[in-house]
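Containing compact mmCIF, C-alpha atoms and all ligand atoms: query.txt.
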# COMPACT_ATOMS: atom_id res chain seq x y z
CA MET I 1132 124.38 50.90 176.07
CA GLY I 1133 123.77 53.03 173.03
CA LEU I 1134 123.03 49.92 171.05
CA ILE I 1135 120.25 48.75 173.27
CA SER I 1136 117.95 50.19 175.74
CA CYS I 1137 115.20 47.72 175.94
CA ASP I 1138 112.00 48.80 177.53
CA SER I 1139 109.89 46.49 175.41
CA THR I 1140 109.35 43.95 178.11
CA SER I 1141 109.06 44.18 181.81
CA SER I 1142 109.68 40.57 182.68
CA THR I 1143 112.19 40.62 185.48
CA HIS I 1144 111.55 37.59 187.59
CA THR I 1145 114.54 35.88 189.03
CA GLN I 1146 114.82 32.14 188.81
CA ASN I 1147 117.35 29.80 190.23
CA GLY I 1148 118.71 26.42 189.32
CA TYR I 1149 119.85 27.04 185.79
CA SER I 1150 122.14 24.59 184.15
CA ILE I 1151 122.56 24.57 180.43
CA GLY I 1152 124.71 22.65 178.03
CA SER I 1153 126.99 20.99 180.52
CA GLN I 1154 128.26 18.63 177.88
CA SER I 1155 130.54 19.83 175.17
CA ARG I 1156 131.56 18.15 172.00
CA VAL I 1157 134.53 18.54 169.72
CA GLU I 1158 133.47 16.22 166.92
CA ARG I 1159 132.43 17.68 163.64
CA THR I 1160 130.97 16.24 160.49
CA ASN I 1161 131.19 17.34 156.92
CA SER I 1162 127.50 17.48 156.22
CA ASN I 1163 126.40 19.74 153.45
CA GLU I 1164 123.54 21.28 155.30
CA ASN I 1165 124.85 24.79 155.09
CA ASN I 1166 124.15 25.40 151.46
CA ARG I 1167 122.47 28.68 152.17
CA SER I 1168 123.06 31.39 149.69
CA ALA I 1169 125.16 33.92 151.57
CA SER I 1170 127.67 34.67 148.86
CA SER I 1171 130.27 35.71 151.38
CA VAL I 1172 129.98 32.32 152.98
CA THR I 1173 129.60 30.01 150.04
CA GLU I 1174 132.61 31.57 148.38
CA ALA I 1175 134.74 30.81 151.35
CA LYS I 1176 136.73 27.65 151.23
CA ARG I 1177 136.00 24.93 153.71
CA VAL I 1178 139.09 24.36 155.73
CA THR I 1179 139.70 22.59 158.93
CA GLN I 1180 138.15 24.31 161.90
CA GLY I 1181 139.16 24.19 165.51
CA VAL I 1182 142.39 26.15 165.71
CA ARG I 1183 143.86 25.56 169.12
CA ALA I 1184 146.47 27.34 171.16
CA THR I 1185 147.59 26.89 174.69
CA LEU I 1186 149.06 30.34 175.11
CA PRO I 1187 148.26 33.70 173.57
CA ARG I 1188 150.80 34.43 170.86
CA PHE I 1189 151.35 36.54 167.80
CA ILE I 1190 149.39 35.47 164.73
CA PRO I 1191 151.24 36.12 161.49
CA PRO I 1192 149.23 38.19 159.01
CA ALA I 1193 147.05 36.01 156.80
CA PRO I 1194 143.81 36.45 154.90
CA PRO I 1195 140.89 35.58 157.14
CA ASN I 1196 139.10 32.31 156.46
CA PHE I 1197 135.35 32.39 156.77
CA ASN I 1198 134.33 28.81 157.24
CA PRO I 1199 130.66 28.07 156.93
CA PRO I 1200 129.82 26.23 160.12
CA LYS I 1201 129.15 22.56 159.77
CA GLU I 1202 126.10 21.07 161.35
CA ASP I 1203 126.99 19.45 164.64
CA PRO I 1204 126.14 15.80 165.04
CA ARG I 1205 123.18 15.47 167.33
CA ARG I 1206 124.07 14.07 170.70
CA SER I 1207 122.47 10.64 170.84
CA PRO I 1208 119.47 11.39 173.02
CA ILE I 1209 119.05 9.82 176.41
CA VAL I 1210 115.61 8.69 177.53
CA SER I 1211 114.17 11.54 179.56
CA GLN I 1212 112.23 10.98 182.75
CA PRO I 1213 109.21 13.05 183.83
CA VAL I 1214 110.09 16.15 185.83
CA ILE I 1215 107.38 17.47 188.16
CA LEU I 1216 108.61 20.09 190.59
CA THR I 1217 107.24 21.03 194.00
CA GLY I 1218 103.88 22.75 193.69
CA GLU I 1219 103.26 21.35 190.22
CA LYS I 1220 100.66 18.79 189.20
CA LEU I 1221 100.59 16.66 186.06
CA VAL I 1222 97.35 17.26 184.18
CA ASN I 1223 97.93 15.33 180.98
CA GLN I 1224 100.76 13.13 179.80
CA GLY I 1225 100.25 13.76 176.11
CA GLY I 1226 98.87 11.40 173.52
CA ARG I 1227 96.66 14.05 171.97
CA ALA I 1228 98.79 15.09 169.01
CA LYS I 1229 97.15 13.80 165.82
CA SER I 1230 99.95 14.61 163.41
CA TYR I 1231 103.64 15.43 163.55
CA SER I 1232 103.16 18.78 161.87
CA VAL I 1233 100.42 21.18 160.81
CA ASN I 1234 100.68 23.69 157.99
CA VAL I 1235 98.93 27.00 158.41
CA GLY I 1236 99.50 29.27 155.43
CA GLN I 1237 103.24 29.48 154.93
CA ASP I 1238 104.02 28.33 158.44
CA LYS I 1239 104.76 24.79 159.53
CA TRP I 1240 104.06 23.92 163.15
CA VAL I 1241 105.61 20.86 164.75
CA SER I 1242 104.05 18.85 167.56
CA LEU I 1243 106.15 19.39 170.66
CA GLU I 1244 105.03 16.00 171.94
CA LEU I 1245 105.93 14.04 168.80
CA TRP I 1246 109.15 15.93 168.13
CA GLY I 1247 110.10 15.27 171.75
CA LYS I 1248 109.21 11.59 171.47
CA ALA I 1249 111.40 11.27 168.39
CA HIS I 1250 114.26 12.43 170.62
CA LYS I 1251 113.32 10.21 173.57
CA GLY I 1252 111.89 13.18 175.42
CA TRP I 1253 109.06 13.39 177.94
CA TYR I 1254 106.08 15.66 177.31
CA GLY I 1255 103.27 16.63 179.64
CA GLN I 1256 100.83 19.35 180.60
CA ILE I 1257 101.35 20.76 184.05
CA ARG I 1258 99.25 22.89 186.38
CA LYS I 1259 100.92 25.23 188.83
CA GLY I 1260 98.73 27.53 190.90
CA ASP I 1261 96.13 28.99 188.56
CA GLY I 1262 98.23 28.52 185.44
CA GLU I 1263 98.93 25.64 183.10
CA PHE I 1264 101.83 25.07 180.78
CA PHE I 1265 103.43 22.39 178.63
CA ARG I 1266 106.74 20.78 179.50
CA LEU I 1267 109.18 18.93 177.34
CA VAL I 1268 112.14 17.24 178.98
CA ILE I 1269 114.74 16.38 176.41
CA SER I 1270 118.41 15.43 176.83
CA GLY I 1271 118.10 16.42 180.46
CA MET I 1272 116.83 19.92 179.56
CA ARG I 1273 113.48 21.11 180.90
CA PHE I 1274 111.55 23.37 178.52
CA ASP I 1275 108.34 25.02 179.69
CA LEU I 1276 106.07 26.62 177.08
CA ARG I 1277 102.69 28.31 177.01
CA PRO I 1278 100.33 28.79 174.06
CA LYS I 1279 100.79 32.08 172.20
CA ARG I 1280 103.72 33.16 174.38
CA ARG I 1281 107.10 33.71 172.79
CA LEU I 1282 108.72 33.64 176.20
CA ILE I 1283 109.68 30.11 177.24
CA THR I 1284 112.05 28.82 179.87
CA CYS I 1285 114.82 26.29 179.62
CA GLN I 1286 115.87 25.00 183.04
CA GLY I 1287 114.09 28.06 184.43
CA MET I 1288 116.08 30.48 182.25
CA GLN I 1289 114.18 32.80 179.93
CA ILE I 1290 114.37 32.49 176.16
CA TRP I 1291 112.40 34.59 173.69
CA MET I 1292 111.39 32.50 170.72
CA GLY I 1293 110.37 33.82 167.31
CA PHE I 1294 106.74 32.69 167.47
CA GLY I 1295 104.17 31.92 170.16
CA PRO I 1296 103.36 28.18 170.16
CA GLN I 1297 99.86 27.17 168.98
CA LEU I 1298 97.31 24.69 170.33
CA PHE I 1299 95.88 22.23 167.83
CA GLY I 1300 93.47 19.67 169.28
CA GLY I 1301 94.66 20.41 172.79
CA SER I 1302 98.29 19.63 171.97
CA LEU I 1303 101.05 22.20 171.70
CA TYR I 1304 102.73 22.90 168.36
CA VAL I 1305 105.91 24.95 167.99
CA HIS I 1306 106.93 26.87 164.87
CA HIS I 1307 109.44 24.78 162.90
CA LEU I 1308 111.99 27.62 163.00
CA ASP I 1309 111.85 27.68 166.79
CA ILE I 1310 112.41 23.93 166.87
CA LYS I 1311 115.39 24.25 164.52
CA LYS I 1312 116.90 27.44 165.91
CA HIS I 1313 116.07 27.23 169.60
CA LEU I 1314 114.99 23.87 171.00
CA ALA I 1315 117.17 21.55 168.92
CA PRO I 1316 120.42 23.50 169.44
CA LEU I 1317 119.95 23.56 173.20
CA ALA I 1318 119.06 19.88 173.30
CA ALA I 1319 122.15 19.12 171.20
CA GLY I 1320 124.54 20.59 173.79
CA MET I 1321 127.35 23.08 173.44
CA PRO I 1322 129.61 22.55 170.42
CA SER I 1323 133.29 23.35 170.34
CA MET I 1324 133.61 27.09 169.75
CA GLY I 1325 137.25 27.21 168.62
CA LYS I 1326 139.93 28.98 170.58
CA ILE I 1327 140.22 32.57 169.37
CA ALA I 1328 137.95 35.03 171.13
CA VAL I 1329 137.42 38.70 170.39
CA ILE I 1330 136.05 40.55 173.37
CA ASP I 1331 134.54 43.88 172.46
CA ALA I 1332 134.32 46.52 175.17
CA GLY I 1333 131.33 48.54 173.99
CA HIS I 1334 131.77 52.25 173.06
CA GLY I 1335 134.99 54.27 173.57
CA ARG I 1336 136.27 57.86 173.56
CA ASP I 1337 133.56 60.23 172.32
CA ASN I 1338 131.06 57.40 172.06
CA LYS I 1339 130.62 57.22 175.79
CA GLY I 1340 127.56 54.99 176.04
CA THR I 1341 125.00 55.40 178.73
CA ARG I 1342 125.62 57.04 182.09
CA SER I 1343 125.35 55.66 185.60
CA THR I 1344 122.62 57.15 187.77
CA PHE I 1345 124.78 56.24 190.75
CA ASN I 1346 127.93 58.25 190.04
CA ARG I 1347 127.57 59.63 186.48
CA GLU I 1348 130.37 57.36 185.21
CA TYR I 1349 130.12 56.32 181.57
CA GLU I 1350 129.35 52.88 180.24
CA LYS I 1351 132.56 52.87 178.14
CA GLN I 1352 134.71 52.69 181.28
CA TYR I 1353 132.81 49.80 182.80
CA THR I 1354 132.78 47.76 179.59
CA LEU I 1355 136.55 48.17 179.22
CA ASP I 1356 137.13 47.04 182.79
CA TRP I 1357 134.88 44.02 182.23
CA ALA I 1358 136.78 43.07 179.05
CA GLN I 1359 140.15 43.46 180.76
CA ARG I 1360 139.01 41.23 183.62
CA LEU I 1361 137.73 38.61 181.20
CA LYS I 1362 140.88 38.37 179.06
CA PRO I 1363 143.18 36.64 181.59
CA LEU I 1364 140.40 34.30 182.69
CA LEU I 1365 139.91 33.06 179.14
CA GLU I 1366 143.65 32.87 178.50
CA LYS I 1367 143.96 30.60 181.50
CA LYS I 1368 141.48 28.28 179.77
CA GLY I 1369 143.58 28.16 176.62
CA TRP I 1370 141.81 30.85 174.58
CA ARG I 1371 143.72 33.32 172.50
CA VAL I 1372 142.02 36.58 173.38
CA TYR I 1373 141.92 39.91 171.56
CA LEU I 1374 140.24 43.02 172.90
CA THR I 1375 138.86 45.36 170.26
CA ARG I 1376 140.12 48.18 172.42
CA ASN I 1377 142.44 48.23 175.40
CA GLY I 1378 142.02 51.88 176.27
CA ASP I 1379 139.69 54.81 175.72
CA LYS I 1380 139.75 54.48 171.96
CA SER I 1381 137.26 55.44 169.31
CA MET I 1382 136.20 52.55 167.09
CA SER I 1383 133.31 52.21 164.69
CA LEU I 1384 131.10 49.14 164.67
CA THR I 1385 132.46 48.20 161.24
CA GLU I 1386 136.02 48.46 162.54
CA ARG I 1387 135.13 46.07 165.34
CA VAL I 1388 133.83 43.54 162.83
CA ARG I 1389 136.92 43.93 160.62
CA PHE I 1390 139.13 43.49 163.67
CA ALA I 1391 137.50 40.11 164.40
CA ASP I 1392 138.00 39.14 160.73
CA ARG I 1393 141.66 40.13 160.87
CA VAL I 1394 142.52 38.00 163.89
CA ARG I 1395 140.37 35.14 162.55
CA ALA I 1396 138.22 35.11 165.65
CA SER I 1397 136.24 31.97 166.29
CA ILE I 1398 133.78 33.83 168.52
CA PHE I 1399 132.86 37.47 169.17
CA ILE I 1400 131.39 38.79 172.40
CA SER I 1401 130.36 42.44 172.75
CA LEU I 1402 130.01 43.82 176.27
CA HIS I 1403 127.56 46.56 177.22
CA PHE I 1404 125.50 47.99 180.02
CA ASN I 1405 121.96 49.07 179.51
CA ALA I 1406 119.62 51.99 180.11
CA ALA I 1407 115.85 52.29 180.27
CA ALA I 1408 113.23 53.47 182.75
CA ALA I 1409 114.65 53.55 186.27
CA LYS I 1410 112.77 50.51 187.50
CA VAL I 1411 114.00 48.20 184.72
CA ARG I 1412 116.85 45.91 185.72
CA GLY I 1413 118.45 42.62 184.81
CA LEU I 1414 120.59 40.76 182.35
CA GLU I 1415 119.95 40.36 178.62
CA THR I 1416 121.93 38.47 176.01
CA TYR I 1417 121.41 39.04 172.29
CA CYS I 1418 122.06 37.21 169.08
CA ILE I 1419 120.91 37.75 165.51
CA ALA I 1420 117.43 36.70 164.42
CA PRO I 1421 117.37 33.80 161.94
CA LEU I 1422 116.08 34.22 158.41
CA GLY I 1423 112.27 34.20 158.51
CA MET I 1424 112.01 34.89 162.24
CA PRO I 1425 110.80 38.23 163.59
CA SER I 1426 113.07 40.10 165.99
CA HIS I 1427 112.32 40.31 169.66
CA PHE I 1428 112.19 44.06 169.18
CA THR I 1429 113.41 46.55 166.60
CA ARG I 1430 113.79 49.90 168.36
CA GLY I 1431 112.20 51.52 165.35
CA ASN I 1432 114.55 49.86 162.87
CA PRO I 1433 113.25 47.86 159.90
CA ASP I 1434 113.02 44.12 160.53
CA PRO I 1435 113.48 42.51 157.10
CA ILE I 1436 112.86 38.88 158.06
CA SER I 1437 113.50 37.58 154.55
CA SER I 1438 116.99 39.02 154.09
CA LEU I 1439 119.94 36.80 154.89
CA LEU I 1440 122.51 38.45 157.14
CA PRO I 1441 126.23 37.60 157.18
CA ASN I 1442 125.84 36.13 160.67
CA ASN I 1443 122.85 33.89 159.85
CA PRO I 1444 124.85 30.75 158.98
CA TRP I 1445 125.94 30.82 162.63
CA ASP I 1446 122.38 31.07 164.03
CA GLU I 1447 122.47 27.89 166.07
CA ARG I 1448 125.96 28.43 167.42
CA SER I 1449 125.35 32.04 168.32
CA PHE I 1450 122.28 30.96 170.21
CA GLN I 1451 124.09 28.12 171.97
CA LEU I 1452 126.82 30.58 172.96
CA ALA I 1453 124.27 33.18 174.08
CA ALA I 1454 122.30 30.71 176.18
CA ARG I 1455 125.38 29.29 177.79
CA VAL I 1456 126.88 32.72 178.61
CA HIS I 1457 123.55 34.07 179.85
CA ASN I 1458 123.11 31.01 182.02
CA GLN I 1459 126.54 31.24 183.61
CA ILE I 1460 126.31 34.96 184.33
CA LEU I 1461 122.94 34.42 185.98
CA LEU I 1462 124.47 31.72 188.11
CA LYS I 1463 127.45 33.86 189.11
CA CYS I 1464 125.70 37.18 189.60
CA ARG I 1465 122.16 36.18 190.58
CA MET I 1466 120.79 38.83 188.28
CA PRO I 1467 117.14 39.28 187.33
CA ASP I 1468 116.71 37.33 184.10
CA ARG I 1469 115.46 39.26 181.07
CA GLY I 1470 116.22 36.47 178.67
CA VAL I 1471 118.15 35.47 175.60
CA ARG I 1472 116.77 37.51 172.72
CA ARG I 1473 116.92 37.67 168.95
CA ILE I 1474 117.36 40.97 167.18
CA ARG I 1475 118.29 41.99 163.68
CA PHE I 1476 119.58 45.56 163.76
CA MET I 1477 122.85 45.33 165.72
CA SER I 1478 125.61 45.81 163.12
CA VAL I 1479 128.39 44.80 165.47
CA ILE I 1480 127.04 41.23 165.60
CA LYS I 1481 124.98 40.92 162.43
CA GLU I 1482 128.05 41.41 160.19
CA GLN I 1483 130.12 38.79 162.04
CA ARG I 1484 131.09 35.58 160.28
CA ARG I 1485 131.37 33.58 163.46
CA PRO I 1486 129.18 32.94 166.53
CA ALA I 1487 128.53 36.42 167.89
CA ILE I 1488 126.60 37.70 170.89
CA LEU I 1489 126.07 40.92 172.79
CA VAL I 1490 125.73 40.85 176.56
CA GLU I 1491 124.02 43.62 178.52
CA GLY I 1492 125.46 43.22 182.02
CA GLY I 1493 122.84 45.26 183.86
CA TYR I 1494 121.12 48.65 183.84
CA LEU I 1495 123.11 51.77 184.62
CA SER I 1496 119.78 53.58 184.74
CA ASN I 1497 118.60 51.52 187.68
CA PRO I 1498 119.64 52.92 191.09
CA SER I 1499 120.60 49.64 192.73
CA GLU I 1500 122.05 48.02 189.64
CA SER I 1501 124.19 51.06 188.79
CA ARG I 1502 125.62 50.89 192.30
CA GLN I 1503 126.30 47.19 191.82
CA ILE I 1504 127.96 47.74 188.42
CA ASP I 1505 130.34 50.19 190.08
CA LEU I 1506 131.66 47.41 192.33
CA SER I 1507 134.77 45.74 190.91
CA ALA I 1508 133.67 42.48 192.55
CA TYR I 1509 130.51 42.53 190.46
CA ARG I 1510 132.37 43.19 187.23
CA GLN I 1511 134.73 40.36 188.14
CA LYS I 1512 131.74 38.05 188.49
CA LEU I 1513 130.44 39.16 185.11
CA ALA I 1514 133.83 38.20 183.67
CA GLU I 1515 133.88 34.90 185.55
CA GLY I 1516 130.40 34.10 184.25
CA ILE I 1517 131.48 34.44 180.63
CA ALA I 1518 134.72 32.55 181.25
CA ALA I 1519 132.78 29.71 182.90
CA ALA I 1520 130.64 29.39 179.78
CA LEU I 1521 133.57 28.91 177.40
ZN ZN B 1601 126.22 50.06 175.06

Could you render the structure from this file as structure tokens?
Amino acid sequence: MGLISCDSTSSTHTQNGYSIGSQSRVERTNSNENNRSASSVTEAKRVTQGVRATLPRFIPPAPPNFNPPKEDPRRSPIVSQPVILTGEKLVNQGGRAKSYSVNVGQDKWVSLELWGKAHKGWYGQIRKGDGEFFRLVISGMRFDLRPKRRLITCQGMQIWMGFGPQLFGGSLYVHHLDIKKHLAPLAAGMPSMGKIAVIDAGHGRDNKGTRSTFNREYEKQYTLDWAQRLKPLLEKKGWRVYLTRNGDKSMSLTERVRFADRVRASIFISLHFNAAAAKVRGLETYCIAPLGMPSHFTRGNPDPISSLLPNNPWDERSFQLAARVHNQILLKCRMPDRGVRRIRFMSVIKEQRRPAILVEGGYLSNPSESRQIDLSAYRQKLAEGIAAAL
């Protein structure tokens, strides 16, 4: 850890049956939707994306190209059927939303029902036990949301949105940024992510990271082992893979970002283990908070929601990558799910000009999880989970 030790939530329920983004697409369009003002991005020339390689090989030195990501074409939506699971009861099938959107102050809220209908989705209010929630099924994805709660689930997997949804006239409205940055990207499916991956084993040398309560081993050793297990798995799938470090080496966060620039990485994945109070356990995956959206937590750092970060043009892709990786690790490792989260302060991902995520593969401060992390079979599964997502 070192970067993260999240004790801001205690949600640790385990859920099964995740399946996210099973379809992938390689098409791209040349839409001009990315005219945001990041000077570093707008100055970059648009060149063809999607470098492919079948084997890892030497890349001749060349200036890095920072391509602003192009908006993916939306998958043409399929008509979604109602999904009512065992123990659930349909209370209301919708039809209450009076308008597509509602403006409150500076914020625009979008009707979940009408946005869903525009994408051939199914919307309903469901009672389970004593609780009620709203469900949108869209492109085969099941989203469950509750008023005023930033925590939603997609196929049972936890996602922390930027804003708690609001009830207007008995119908649920979602902040437009959450529609754009969370729901729409997941409904659109997983885009092509290129073929050059930088895997960043967190910490190194004097920066040892957190320490296992099980055997006092340091995080830096486990992250390196995880990265080294992941590399051949990705290479087998045709990725060209670079590790930021392949030994016990000291490396600053800035150096890790520059390294990814130098090898023209198409994605960046930083690997860590976590620490908090002893009882906290589970898996977390992080990506950078979009412009205008508050962080999930700040750890005492400023959270300037109106400043554009170098990684922001990749908001949707980073989130798609995060959700997919999180999902696959949960499936492989059966970890308690602590959700996909948005933060703003992590330099190692916020400075990246490519989809970038940080995975916390469990808590070294938790007695049973630290024991588990020490097992090579578990670290292999962590690696297999990421490889399965790409
Ligand atoms: Zn760490």

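CA of Leu1276 in chain I is positioned 12.3 Å from CA of Ile1310 in chain I.
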
_Protein/DNA/RNA residues near (128.9, 40.7, 160.4), cut 10 Å, all atoms listed in the file, as a VMD selection string_ = chain I and resid 1384 to 1385 1387 to 1389 1391 to 1392 1419 1440 to 1443 1477 to 1487

*asked:* If I take CA of Asn1223 in chain I and CA of Trp1291 in chain I, how far is one from the other in Å, to one decimal?
replied: 25.2 Å

_Near-ligand residues for ligand ZN 1601 (chain B), threshold 12 Å, all atoms listed in the file, as a PyMOL selection string_ = chain I and resi 1132-1137+1331-1335+1338-1343+1349-1355+1384+1401-1407+1477+1479+1489-1495

*asked:* From the options I:Phe1274, I:Trp1240, I:Trp1253, I:Phe1299, which residue's atoms come nearest to Pro1213 in chain I, counting only C-alpha atoms?
replied: I:Trp1253

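Reported to one decimal place, the separation of CA of Gln1289 in chain I from CA of Val1411 in chain I is 16.1 Å.
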
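Nearest residue to Leu1314 in chain I, choosing from I:Arg1347, I:Lys1326, I:Arg1395, I:Arg1273 and counting all atoms listed in the file: I:Arg1273.
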
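Using all atoms listed in the file, the shortest contact distance between Lys1311 in chain I and any of I:Asn1377, I:Gly1255, I:Met1292, I:Asp1468 is found at I:Met1292.
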
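For range 1511-1520 of chain I, the set of protein, DNA and RNA residues having any atom at most 7 Å away, when counting all atoms listed in the file and skipping those fewer than 4 positions along the same chain, is Trp1357, Arg1360, Leu1361, Leu1364, Leu1365, Arg1455, Val1456, Gln1459, Ile1460, Lys1463, Cys1464 and Ser1507 of chain I.
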
*Using only C-alpha atoms, determine which residues lie at most 6 Å from Tyr1304 in chain I, disregarding the query and same-chain residues fewer than 6 positions distant; provide the list as a PyMOL selection string.*
chain I and resi 1240-1243+1296-1297

Store the residues of this selection in a file with C-alpha atoms, as an mmCIF file, in the frame of the given file.
data_model
loop_
_atom_site.group_PDB
_atom_site.id
_atom_site.type_symbol
_atom_site.label_atom_id
_atom_site.label_comp_id
_atom_site.auth_asym_id
_atom_site.auth_seq_id
_atom_site.Cartn_x
_atom_site.Cartn_y
_atom_site.Cartn_z
ATOM 1 C CA TRP I 1240 104.060 23.920 163.150
ATOM 2 C CA VAL I 1241 105.610 20.860 164.750
ATOM 3 C CA SER I 1242 104.050 18.850 167.560
ATOM 4 C CA LEU I 1243 106.150 19.390 170.660
ATOM 5 C CA PRO I 1296 103.360 28.180 170.160
ATOM 6 C CA GLN I 1297 99.860 27.170 168.980
#

_Env of Met1324 in chain I: 9 Å cut, atoms = all atoms listed in the file, seq-sep filter 3 positions within chain, self excluded. Answer as a list in words._
Val1157, Gly1181, Met1321, Ile1327, Ser1397, Ile1398, Arg1448, Leu1452, Pro1486 and Leu1521 of chain I

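Nearest residue to Trp1445 in chain I, choosing from I:Phe1345, I:Pro1322, I:Asp1379, I:Gln1359 and counting all atoms listed in the file: I:Pro1322.
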